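To keep things clear, I will list the structure first and then write my remarks on it.
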Amino acid sequence: ERPFPCTRCPKAFWHKKSLTLHQRIHDGEHPFTCPCCHKAFRDKHAVTVHQRVHTGERPFTCSRCPKTFRDKHSLTIHQRVHTGERPFACARCPKAFRDKKTLTDH
């Protein structure tokens, strides 16, 4: 059992830091800001990834095509175009999707 439960929802975490980051969702807390545009984020990593919008840096390259990405998660989702993997299945119809957001939007 995960030792760090959220007191506001059913989620629980293995690490206290993960719980702290999660609690910011409930609090609406965004303590980290982009120095370029002052957009606020819940964690430092999100600021780092966001800053690539301003710098143009796209350090993650697909091994099967020339596409590049600002973050590893976007690369992972893109690679499913090549593998055909669709791990997010709809519970109400036979459709499946490459990423969770598309399933949620569906």
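Chains: A, B, ... in order of the structure tokens. Residues: from 1 per chain. Ligands: from 1, in order shown.
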Nearby residues (only C-alpha atoms) at most 12 Å from His82 of chain A, same-chain spacing under 6 positions excluded, as a list in words: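 Result of the neighbour search: Cys62, Ser63, Arg64, Cys65, Lys67, Leu75, Thr76 and Arg98 of chain A.
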Go ahead and save the picked residues with C-alpha atoms, as an mmCIF file, in the first residue's frame.
```cif
data_model
loop_
_atom_site.group_PDB
_atom_site.id
_atom_site.type_symbol
_atom_site.label_atom_id
_atom_site.label_comp_id
_atom_site.auth_asym_id
_atom_site.auth_seq_id
_atom_site.Cartn_x
_atom_site.Cartn_y
_atom_site.Cartn_z
ATOM 1 C CA CYS A 62 12.141 10.199 -33.043
ATOM 2 C CA SER A 63 14.362 7.284 -34.046
ATOM 3 C CA ARG A 64 12.072 6.415 -36.971
ATOM 4 C CA CYS A 65 11.438 9.815 -38.550
ATOM 5 C CA LYS A 67 10.267 14.711 -35.898
ATOM 6 C CA LEU A 75 7.987 11.718 -28.129
ATOM 7 C CA THR A 76 6.591 8.593 -26.443
ATOM 8 C CA ARG A 98 -2.509 6.658 -28.406
#
```
Contact residues around Arg2 of chain A with only C-alpha atoms at 9 Å, ignoring same-chain residues under 2 positions, as a VMD selection string: chain A and resid 4 to 5 12 to 15
All residues 10 Å or closer to Lys39 of chain A, only C-alpha atoms, same chain fewer than 4 positions away omitted, as a ChimeraX atom specification: /A:30,32-35,47,50-51
Among listed residues A:Val53, A:Cys37, A:Cys6, A:Ile77, nearest Arg24 of chain A (using only C-alpha atoms): A:Cys6
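Proximity of A:Gly84, A:Pro94, A:Pro10, A:Pro66 to His106 of chain A, computed with only C-alpha atoms, is greatest for A:Pro94.
Residue neighbourhood of Lys100 of chain A, excluding near-sequence residues (fewer than 4 positions): A:His73, A:Ser74, A:Ile77, A:Arg86, A:Pro87, A:Phe88, A:Ala89, A:Cys90, A:Ala96, A:Thr104, A:Asp105, A:His106, at 12 Å, using only C-alpha atoms.
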Every residue of chain A that DSSP places in helix (DSSP H, G or I), as a ChimeraX atom specification: /A:16-27,44-55,72-83,100-105
Near-Arg8 of chain A list (12 Å; only C-alpha atoms; drop same-chain fewer than 4 positions) as a list in words: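 Residues meeting the cut-off are Ala12, Leu19, His22, Gln23, Arg24, Ile25, His26 and Asp27 of chain A.
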Among the residues A:Arg70, A:Lys101, A:His78, A:Lys95, the one that comes closest to Glu57 of chain A [using only C-alpha atoms]: A:Arg70
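Using only C-alpha atoms, the shortest contact distance between Gln79 of chain A and any of A:Arg92, A:Glu1, A:Phe60, A:Thr7 is found at A:Phe60.
Note that atom CA of Glu29 of chain A and atom CA of Phe69 of chain A are 27.2 Å apart.
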Distance in Å - atom CA of Pro59 of chain A versus atom CA of Thr20 of chain A: 28.4 Å
All strand (DSSP E) positions in segment 10-50 of chain A, as a CSV table (one decimal) with N, CA and C atoms, in the first residue's frame:
```
chain,number,residue,atom,x,y,z
A,12,ALA,N,-3.1,8.0,-3.7
A,12,ALA,CA,-2.0,7.8,-2.7
A,12,ALA,C,-0.7,7.6,-3.5
A,13,PHE,N,0.4,7.9,-2.8
A,13,PHE,CA,1.7,8.0,-3.5
A,13,PHE,C,2.8,7.2,-2.7
A,32,PHE,N,6.0,28.1,-9.4
A,32,PHE,CA,7.2,28.3,-10.3
A,32,PHE,C,6.7,29.1,-11.5
A,33,THR,N,7.5,30.1,-11.9
A,33,THR,CA,7.1,30.9,-13.0
A,33,THR,C,8.2,31.0,-14.1
A,40,ALA,N,2.8,30.5,-14.9
A,40,ALA,CA,3.0,29.8,-13.6
A,40,ALA,C,2.8,28.3,-13.8
A,41,PHE,N,3.6,27.5,-13.0
A,41,PHE,CA,3.5,26.1,-13.1
A,41,PHE,C,3.6,25.5,-11.7
```
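Atom pair atom CA of Lys17 of chain A / atom CA of Pro3 of chain A: separated by 11.9 Å.
Across A:His38, A:Lys11, A:Asp71, A:Asp99, the tightest approach to Arg52 of chain A is made by A:Asp71 when counting only C-alpha atoms.
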